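Trainee: Once you've had a glance at the structure underneath, I'll fire off some questions.
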Amino acid sequence: MVKVGDKIRIIQMNGEPLYSGKIGIVEHIDDIGQIHGSCIHGVDVFELVEE
């Protein structure tokens, strides 16, 4: 499970093909599981980036 502060790489984001391959830090996760500024857990595909 992803948590605030984790680094993720977007593999596929629904409706946003240009986001594929981008890396970011999880800043906030709301009550419905949306990772703000990045993607939605269970809808979009991402992976954790290990340091």
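Starting from 1 in every chain, residues are counted up; chains themselves are A, B, ... following the order of the structure tokens, and ligands are numbered from 1 as listed.
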Can you pull out every residue from chain A that DSSP, working from the backbone, puts in strand (DSSP E or B), and format the result as a list in words?
Mentor: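 Strand (DSSP E or B) members of chain A, listed: Lys7, Ile8, Arg9, Ile10, Ile11, Gln12, Ile23, Gly24, Ile25, Ile29, Gln34, Ile35, Ile40, His41, Asp44, Val45, Phe46, Glu47 and Leu48 of chain A.
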Trainee: Skip Ile10 of chain A itself and residues of its chain fewer than 4 positions away, then list as a list of chain:residue names all residues within 7 Å of it, counting only C-alpha atoms.
Mentor: A:Tyr19, A:Ser20, A:Gly21, A:Lys22, A:Ile23, A:Val45, A:Phe46, A:Glu47
Trainee: Grab the atom CA of Pro17 of chain A to atom CA of Ile32 of chain A distance for me, in Å with one decimal place.
Mentor: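 Between these atoms lies a distance of 22.5 Å.
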Trainee: Report, in Å to a single decimal, how far apart atom CA of Asp31 of chain A and atom CA of Glu16 of chain A are.
Mentor: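 According to the coordinates, atom CA of Glu16 of chain A and atom CA of Asp31 of chain A are separated by 22.2 Å.
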Trainee: How many Å lie between atom CA of Asp30 of chain A and atom CA of Gly42 of chain A, rounded to one decimal?
Mentor: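 Straight-line distance from atom CA of Asp30 of chain A to atom CA of Gly42 of chain A works out to 13.6 Å.
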